[in-house]
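Let me begin by presenting the structure, written as structure tokens, before commenting on it.
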Amino acid sequence: MELKWLDDYLALIETGSFSAAAEKRHVSQPAFSRRIQLLENWLGVSLIDRSRKPLRFTALAEQHEVAFRNLATHIYEFQSTLRSDATQSPGMVMAAQHSLAAAYLPTFLEELRALMPEQRFRIRSQNRDDGVALLVRGQADILLTYETRQIGSSVPPQLATSCTLGEDALVLVASARLCASNDFVQPDRPLPLLCFPPESFFGQAVRAHALPELMHARLVAVQYVSEFSLGLREMALIHQGAAWLPRSLIAQDLKQGTLRELVSMGSSVPLTIVAYFANRNGNALQNVAARLIAARGGETTTSNTEPT
């Protein structure tokens, strides 16, 4: 298959006309039609229903329209990545816990780039355990993660230097509309809850610090379970229930009033934001770690080896 055939087909989808698509692709209409047929021959399926006019796509083509678009996007992204890697140094790999990648990472990257202006960084947004595994296996140079007093990262201290970057908290929130509803505020009605899985880091933290207190005070009904805080945030915003979410992730929602903190219902869960810098890369990362630690008035720390 030639990539231009895929671009031709997407142009046909966008314009809905062979003549308009051919003009957009700067080829004659007969040549354009032949290229669409070549794509169909390569796929082994018909994309155009030629028994009807005006132009109609087959049911199979309509069913997979999003897949065609994604395929083209992925090919061009892969091409861009290869070209970039061919002309620049590979860069350091940073594994970042999903919630931190969404909320805290941009600020942290600015700080790192001020200390390492020539360095490129490749970001991998991961589940916490997967991020730790990447660092331990030598596939990541920096790990950005949350910890609690009870749940450390289990990164061996000989492998990485840790730096405490700041504090955050999981806070119980719900949408303004849900907070105003009668059933939601009635103590004898089940509280709809959006939860992290019990085996996940946030799930363990909430169950250790806050959930038992809430369940002792009120009956709860679990409506939705997800390990992704962004997913729980979206469900909370459409009034599906209350959820414990990182305050940094929902700061704008709280400011705008679309989400409200339920201070009277559930305790917050303190979180510490920690960066781990691999020790295997010589002095460069260790110097950065030392400068970050000094900027925060601390000393170099070792990792908490208590398992999750």
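Letters A, B, ... mark the chains of the structure tokens in the order given; residue numbers begin at 1 per chain; ligand numbers begin at 1, in order shown.
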request  = Tell me, as a ChimeraX atom specification, which residues lie within 7 Å of Leu271 of chain A, counting only C-alpha atoms; anything in the same chain fewer than 6 positions away does not count.
outcome  = /A:146-148,167-169
Select from segment 36-102 of chain A every residue with an atom at most 12 Å from any atom of segment 1-25 of chain A, then for each give the shortest pair of atoms and their distance in Å to one decimal, using only C-alpha atoms, rows by chain and rising number, as a tab-separated table.
```
residue	atom	partner	partner_atom	distance
A:Ile36	CA	A:Trp5	CA	6.4
A:Gln37	CA	A:Trp5	CA	9.1
A:Leu38	CA	A:Trp5	CA	7.6
A:Leu39	CA	A:Trp5	CA	5.9
A:Glu40	CA	A:Trp5	CA	9.4
A:Asn41	CA	A:Met1	CA	9.6
A:Trp42	CA	A:Met1	CA	6.4
A:Leu43	CA	A:Met1	CA	8.6
A:Gly44	CA	A:Met1	CA	11.7
A:Leu47	CA	A:Tyr9	CA	9.1
A:Ile48	CA	A:Tyr9	CA	10.1
A:Arg50	CA	A:Phe18	CA	11.9
A:Lys53	CA	A:Ser17	CA	10.6
A:Pro54	CA	A:Ser17	CA	8.3
A:Leu55	CA	A:Ser17	CA	6.5
A:Arg56	CA	A:Gly16	CA	8.2
A:Phe57	CA	A:Ile13	CA	8.6
A:Thr58	CA	A:Ile13	CA	11.8
A:Ala61	CA	A:Ile13	CA	9.9
A:Glu62	CA	A:Ile13	CA	9.5
A:His64	CA	A:Ile13	CA	11.8
A:Glu65	CA	A:Ile13	CA	8.5
A:Val66	CA	A:Leu10	CA	10.3
A:Ala67	CA	A:Leu10	CA	11.1
A:Phe68	CA	A:Leu10	CA	7.7
A:Arg69	CA	A:Leu10	CA	7.1
A:Asn70	CA	A:Leu10	CA	10.8
A:Leu71	CA	A:Leu6	CA	8.8
A:Ala72	CA	A:Leu6	CA	7.0
A:Thr73	CA	A:Asp7	CA	10.3
A:His74	CA	A:Leu3	CA	11.7
A:Ile75	CA	A:Leu3	CA	8.7
A:Tyr76	CA	A:Leu3	CA	9.6
A:Gln79	CA	A:Leu3	CA	11.6
```
I'd like the contact shell of segment 282-290 of chain A - 7 Å cut-off, only C-alpha atoms, skipping same-chain residues fewer than 4 positions apart - returned as an mmCIF file with C-alpha atoms, in the first residue's frame.
```
data_model
loop_
_atom_site.group_PDB
_atom_site.id
_atom_site.type_symbol
_atom_site.label_atom_id
_atom_site.label_comp_id
_atom_site.auth_asym_id
_atom_site.auth_seq_id
_atom_site.Cartn_x
_atom_site.Cartn_y
_atom_site.Cartn_z
ATOM 1 C CA LEU A 115 18.933 22.988 34.904
ATOM 2 C CA CYS A 163 13.885 14.192 45.854
ATOM 3 C CA PHE A 277 16.846 9.959 39.552
ATOM 4 C CA ALA A 294 19.129 22.066 47.795
ATOM 5 C CA THR A 300 19.598 13.828 49.530
#
```
request  = Fewer than 5 positions away in the same chain doesn't count, so skip those; otherwise give me all residues within 8 Å of Gln126 of chain A, counting only C-alpha atoms, as a list in words.
outcome  = Ala95, Ala96, Gln97, His98 and Gly131 of chain A
query = Neighbours of segment 109-111 of chain A within 10 Å (only C-alpha atoms; same-chain residues fewer than 3 positions away dropped), as an MDAnalysis selection string?
reply = chainID A and resid 94 104:106 114:117 121 123 292
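Each of A:Met265, A:Cys179, A:Met235, A:Leu60 was checked against Met215 of chain A using only C-alpha atoms; the smallest atom-to-atom distance is that of A:Met265.
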task = Taking the DSSP assignment computed from this structure's backbone, write out as a PyMOL selection string all residues of segment 83-231 of chain A that belong to helix (DSSP H, G or I).
result = chain A and resi 83-87+98-103+105-115+128-136+176-180+182-185+201-209+211-217+229-231
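Counting only C-alpha atoms, Pro246 of chain A has the following residues at most 10 Å away, ignoring those fewer than 6 positions along the same chain: Ser99, Leu100, Ala103, Asp168, Ala169, Leu170, Val171, Leu172, Val173, Phe202, Ser229, Leu230, Arg233, Ser268, Val269, Pro270 and Leu271 of chain A.
Take atom CA of Leu254 of chain A and atom CA of Arg177 of chain A: the distance between them is 13.4 Å.
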task = Return as a PyMOL selection string the full set of residues in segment 111-222 of chain A whose backbone-based DSSP assignment is strand (DSSP E).
result = chain A and resi 121-126+142-147+160-175+191-195+220-222
Now that the selection is made, can you save its residues with C-alpha atoms as a compact mmCIF listing (two decimals), in the first residue's frame?
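Once written, again36.txt looks like this:
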```txt
# COMPACT_ATOMS: atom_id res chain seq x y z
CA PHE A 121 13.08 14.35 27.61
CA ARG A 122 10.82 11.55 26.46
CA ILE A 123 7.74 11.18 28.65
CA ARG A 124 6.02 7.89 29.39
CA SER A 125 2.74 8.24 31.29
CA GLN A 126 2.32 5.06 33.33
CA ILE A 142 13.59 9.63 36.07
CA LEU A 143 10.45 8.53 37.88
CA LEU A 144 7.79 11.04 38.96
CA THR A 145 5.39 9.49 41.44
CA TYR A 146 3.18 9.93 44.46
CA GLU A 147 3.89 8.40 47.86
CA ALA A 160 18.12 5.96 42.50
CA THR A 161 18.32 9.22 44.42
CA SER A 162 14.98 10.59 45.56
CA CYS A 163 13.88 14.19 45.85
CA THR A 164 10.67 15.34 47.50
CA LEU A 165 9.15 17.94 45.19
CA GLY A 166 5.96 18.94 46.97
CA GLU A 167 2.72 17.96 48.61
CA ASP A 168 -0.71 17.13 47.25
CA ALA A 169 -3.83 15.40 48.56
CA LEU A 170 -6.69 13.21 47.46
CA VAL A 171 -9.87 15.13 48.27
CA LEU A 172 -13.45 13.91 48.14
CA VAL A 173 -15.42 15.94 45.59
CA ALA A 174 -18.66 15.89 43.65
CA SER A 175 -20.27 18.09 41.02
CA LEU A 191 -23.86 8.04 48.60
CA PRO A 192 -22.93 7.29 44.94
CA LEU A 193 -19.19 6.70 44.88
CA LEU A 194 -16.62 6.59 42.08
CA CYS A 195 -13.68 4.45 43.17
CA VAL A 220 -22.22 4.08 49.98
CA ALA A 221 -23.07 2.66 46.57
CA VAL A 222 -20.14 2.15 44.19
```
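Nearest to Asp253 of chain A of all the residues A:Phe78, A:Pro212, A:Ala176, A:Val45 is A:Ala176, counting only C-alpha atoms.
Distance-wise, atom CA of Gln204 of chain A and atom CA of Ile151 of chain A end up 8.4 Å apart.
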inquiry  = Residues near Asp129 of chain A, anyone? I mean within 10 Å using only C-alpha atoms, not counting same-chain ones fewer than 4 positions away, as an MDAnalysis selection string.
reply    = chainID A and resid 97 133:134 145 153:154 200:201 308
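Proximity to Gly231 of chain A was assessed for A:Leu211, A:Leu259, A:Leu245, A:Ala275 counting only C-alpha atoms; the smallest distance is recorded for A:Leu245.
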